[in-house]
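Novice: One structure follows; several queries about it will come next.
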Amino acid sequence: MSEPHLDVLHRLLQHQGYTLALDELAQACAQQPDEVCALLSQAGSIAATQAQITALTDAANLLCDVHARAGADTVLSLRERLDRVAGALTTALAQRDRATAALRRTCQALISTDIALVTTCDVTSAAGQPDGATTTTP
């Protein structure tokens, strides 16, 4: 795959137990445009919220480290910041969970069509494969 966004889509689907047949993308989009667009949108949402989660987790860890070394005068300010980061992290986790559930529903809907754009794969054996996935029957 030469397109970075398709690489991200492929990896996200793989992580959820699906494999993507890029050679079927144009046909699938022609026959099921709403489902394909939903799939792309949901994968983008998952990638964006995962980036938020990573950044917020790093920020929380940084604030905790500073808090552990801070004097009494800065502790309250740091706790307020940590509370805001924790709230944003909770929101991002919920958004990712909703997008993941929607992605799974969309994958199942695409699997039930005649187009083999998305198929299920064995996640446990996917880690050891060169392309990361082993296709199984839907």
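If you're wondering about the labels, chains in the structure tokens are A, B, ... by order shown, residues count from 1 in each chain, ligands from 1 in order shown.
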List every residue of chain A that DSSP, applied to the backbone, labels as strand (DSSP E or B), and write the result as a short mmCIF file (atom, residue, chain, number, x, y, z; two decimals) with N, CA and C atoms, in the first residue's frame.
Specialist:
data_model
loop_
_atom_site.label_atom_id
_atom_site.label_comp_id
_atom_site.auth_asym_id
_atom_site.auth_seq_id
_atom_site.Cartn_x
_atom_site.Cartn_y
_atom_site.Cartn_z
N TYR A 18 -10.41 -7.61 11.19
CA TYR A 18 -10.86 -7.58 9.79
C TYR A 18 -9.67 -7.35 8.88
N THR A 19 -9.80 -7.77 7.65
CA THR A 19 -8.79 -7.48 6.65
C THR A 19 -9.45 -6.75 5.49
N LEU A 20 -8.69 -5.89 4.85
CA LEU A 20 -9.20 -5.01 3.80
C LEU A 20 -8.64 -5.45 2.45
N VAL A 118 -14.20 -6.18 2.89
CA VAL A 118 -13.79 -6.48 4.26
C VAL A 118 -14.13 -7.92 4.56
N THR A 119 -13.16 -8.62 5.13
CA THR A 119 -13.39 -9.99 5.60
C THR A 119 -12.83 -10.09 7.02
N THR A 120 -13.25 -11.13 7.72
CA THR A 120 -12.72 -11.32 9.06
C THR A 120 -11.35 -11.97 8.98
N CYS A 121 -10.55 -11.72 10.00
CA CYS A 121 -9.25 -12.38 10.09
C CYS A 121 -9.00 -12.79 11.52
N THR A 135 -6.68 -14.38 6.44
CA THR A 135 -8.09 -14.31 6.09
C THR A 135 -8.80 -15.59 6.47
#
Novice: Which residues are close to A:Gln16, i.e. within 9 Å by only C-alpha atoms, leaving aside same-chain residues fewer than 3 positions away? Reply as a PyMOL selection string.
Specialist: chain A and resi 11-13+19+100+103-104+120-121+123
Novice: Please provide the set of residues having any atom within 9 Å of A:Arg79, restricted to only C-alpha atoms, with same-chain residues fewer than 6 positions apart removed, written as JSON, numbers by chain.
Specialist: {"A": [63, 64, 67]}
Novice: Put those residues in a file: all heavy atoms, as a PDB file, in the first residue's frame.
Specialist:
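The result, stored in part_9.pdb:
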ATOM      1  N   LEU A  63       2.460  15.609  34.128  1.00  0.00           N
ATOM      2  CA  LEU A  63       1.918  16.347  35.272  1.00  0.00           C
ATOM      3  C   LEU A  63       2.104  15.572  36.574  1.00  0.00           C
ATOM      4  O   LEU A  63       2.403  16.164  37.617  1.00  0.00           O
ATOM      5  CB  LEU A  63       0.445  16.680  35.050  1.00  0.00           C
ATOM      6  CG  LEU A  63       0.155  17.775  34.021  1.00  0.00           C
ATOM      7  CD1 LEU A  63      -1.328  17.842  33.723  1.00  0.00           C
ATOM      8  CD2 LEU A  63       0.688  19.117  34.489  1.00  0.00           C
ATOM      9  N   CYS A  64       1.947  14.275  36.528  1.00  0.00           N
ATOM     10  CA  CYS A  64       2.159  13.456  37.734  1.00  0.00           C
ATOM     11  C   CYS A  64       3.617  13.517  38.183  1.00  0.00           C
ATOM     12  O   CYS A  64       3.897  13.621  39.385  1.00  0.00           O
ATOM     13  CB  CYS A  64       1.752  12.010  37.482  1.00  0.00           C
ATOM     14  SG  CYS A  64      -0.033  11.782  37.411  1.00  0.00           S
ATOM     15  N   HIS A  67       4.151  16.907  39.645  1.00  0.00           N
ATOM     16  CA  HIS A  67       3.419  16.971  40.914  1.00  0.00           C
ATOM     17  C   HIS A  67       4.210  16.311  42.035  1.00  0.00           C
ATOM     18  O   HIS A  67       4.261  16.803  43.156  1.00  0.00           O
ATOM     19  CB  HIS A  67       2.051  16.298  40.754  1.00  0.00           C
ATOM     20  CG  HIS A  67       1.194  16.347  41.972  1.00  0.00           C
ATOM     21  ND1 HIS A  67       1.258  15.376  42.948  1.00  0.00           N
ATOM     22  CD2 HIS A  67       0.255  17.240  42.379  1.00  0.00           C
ATOM     23  CE1 HIS A  67       0.393  15.663  43.900  1.00  0.00           C
ATOM     24  NE2 HIS A  67      -0.229  16.790  43.574  1.00  0.00           N
TER      25      HIS A  67
END
Novice: What's the separation between atom CA of A:Glu35 and atom CA of A:Leu6, in Å to one decimal place?
Specialist: 16.1 Å
Novice: Would you mind telling me which residue in A:Gln14, A:Gln50, A:Gln27, A:Ser41 lies nearest to A:Gln95 when using only C-alpha atoms?
Specialist: A:Gln50
Novice: When you count only C-alpha atoms, which of these residues is closest to A:Asp58: A:Ala26, A:Ile46, A:Val36, A:Val85?
Specialist: A:Val85
Novice: In Å, how far is it from atom CA of A:Ala47 to atom CA of A:Ala116?
Specialist: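 Distance between the two atoms: 23.4 Å.
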Novice: If we count only C-alpha atoms and set the cut-off at 10 Å, which residues sit around A:Ala59, ignoring sequence neighbours fewer than 3 positions away in its own chain? Please answer as a list of chain:residue names.
Specialist: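 Residues meeting the cut-off are A:Ile53, A:Thr54, A:Ala55, A:Leu56, A:Leu62, A:Leu63, A:Cys64, A:Asp65, A:Arg81, A:Leu82, A:Val85, A:Ala86.
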Novice: Please produce a file of those selected residues containing N, CA and C atoms, as a PDB file, in the first residue's frame.
Specialist:
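Saved as selection-v6.pdb:
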ATOM      1  N   ILE A  53      -5.607  10.263  22.801  1.00  0.00           N
ATOM      2  CA  ILE A  53      -5.384   9.441  23.999  1.00  0.00           C
ATOM      3  C   ILE A  53      -3.889   9.359  24.306  1.00  0.00           C
ATOM      4  N   THR A  54      -3.087   9.161  23.290  1.00  0.00           N
ATOM      5  CA  THR A  54      -1.639   9.087  23.487  1.00  0.00           C
ATOM      6  C   THR A  54      -1.097  10.405  24.021  1.00  0.00           C
ATOM      7  N   ALA A  55      -1.478  11.516  23.408  1.00  0.00           N
ATOM      8  CA  ALA A  55      -1.002  12.828  23.851  1.00  0.00           C
ATOM      9  C   ALA A  55      -1.476  13.147  25.267  1.00  0.00           C
ATOM     10  N   LEU A  56      -2.732  12.854  25.560  1.00  0.00           N
ATOM     11  CA  LEU A  56      -3.272  13.138  26.893  1.00  0.00           C
ATOM     12  C   LEU A  56      -2.646  12.249  27.965  1.00  0.00           C
ATOM     13  N   LEU A  62       3.359  13.399  32.594  1.00  0.00           N
ATOM     14  CA  LEU A  62       4.231  14.548  32.839  1.00  0.00           C
ATOM     15  C   LEU A  62       3.764  15.334  34.062  1.00  0.00           C
ATOM     16  N   LEU A  63       2.460  15.609  34.128  1.00  0.00           N
ATOM     17  CA  LEU A  63       1.918  16.347  35.272  1.00  0.00           C
ATOM     18  C   LEU A  63       2.104  15.572  36.574  1.00  0.00           C
ATOM     19  N   CYS A  64       1.947  14.275  36.528  1.00  0.00           N
ATOM     20  CA  CYS A  64       2.159  13.456  37.734  1.00  0.00           C
ATOM     21  C   CYS A  64       3.617  13.517  38.183  1.00  0.00           C
ATOM     22  N   ASP A  65       4.533  13.463  37.229  1.00  0.00           N
ATOM     23  CA  ASP A  65       5.956  13.558  37.572  1.00  0.00           C
ATOM     24  C   ASP A  65       6.282  14.909  38.193  1.00  0.00           C
ATOM     25  N   ARG A  81      -4.945  21.021  36.614  1.00  0.00           N
ATOM     26  CA  ARG A  81      -4.560  20.671  35.238  1.00  0.00           C
ATOM     27  C   ARG A  81      -4.736  19.176  34.994  1.00  0.00           C
ATOM     28  N   LEU A  82      -4.319  18.395  35.966  1.00  0.00           N
ATOM     29  CA  LEU A  82      -4.455  16.944  35.832  1.00  0.00           C
ATOM     30  C   LEU A  82      -5.925  16.538  35.734  1.00  0.00           C
ATOM     31  N   VAL A  85      -7.005  17.278  32.189  1.00  0.00           N
ATOM     32  CA  VAL A  85      -6.449  16.275  31.279  1.00  0.00           C
ATOM     33  C   VAL A  85      -7.219  14.958  31.432  1.00  0.00           C
ATOM     34  N   ALA A  86      -7.499  14.574  32.669  1.00  0.00           N
ATOM     35  CA  ALA A  86      -8.243  13.328  32.910  1.00  0.00           C
ATOM     36  C   ALA A  86      -9.638  13.395  32.301  1.00  0.00           C
TER      37      ALA A  86
END
Novice: When distances are computed from only C-alpha atoms, which of A:Ala51, A:Val75, A:Ala68, A:Ala38 shows the smallest separation from A:Cys107?
Specialist: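 The answer is A:Ala38, which sits nearest to A:Cys107.
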Novice: Kindly give the distance, in Å, that separates atom CA of A:His10 and atom CA of A:Ala60, rounded to a single decimal.
Specialist: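 Spanning atom CA of A:His10 to atom CA of A:Ala60 is a straight-line distance of 29.8 Å.
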Novice: Let me make sure I understand: among A:Gln32, A:Gln52, A:Ser45, A:Ser77, which one has the smallest atom-to-atom distance to A:Ala101 if we use only C-alpha atoms?
Specialist: A:Ser45
Novice: Residues of stretch 1-124 of chain A in alpha helix (DSSP H) according to DSSP, as an NGL selection string?
Specialist: :A and (4-15 or 25-31 or 33-69 or 72-111 or 123-124)
Novice: So which one's closest to A:Arg105, A:Leu9, A:Cys29, A:Leu22, A:Leu39? Using only C-alpha atoms, please.
Specialist: A:Leu39
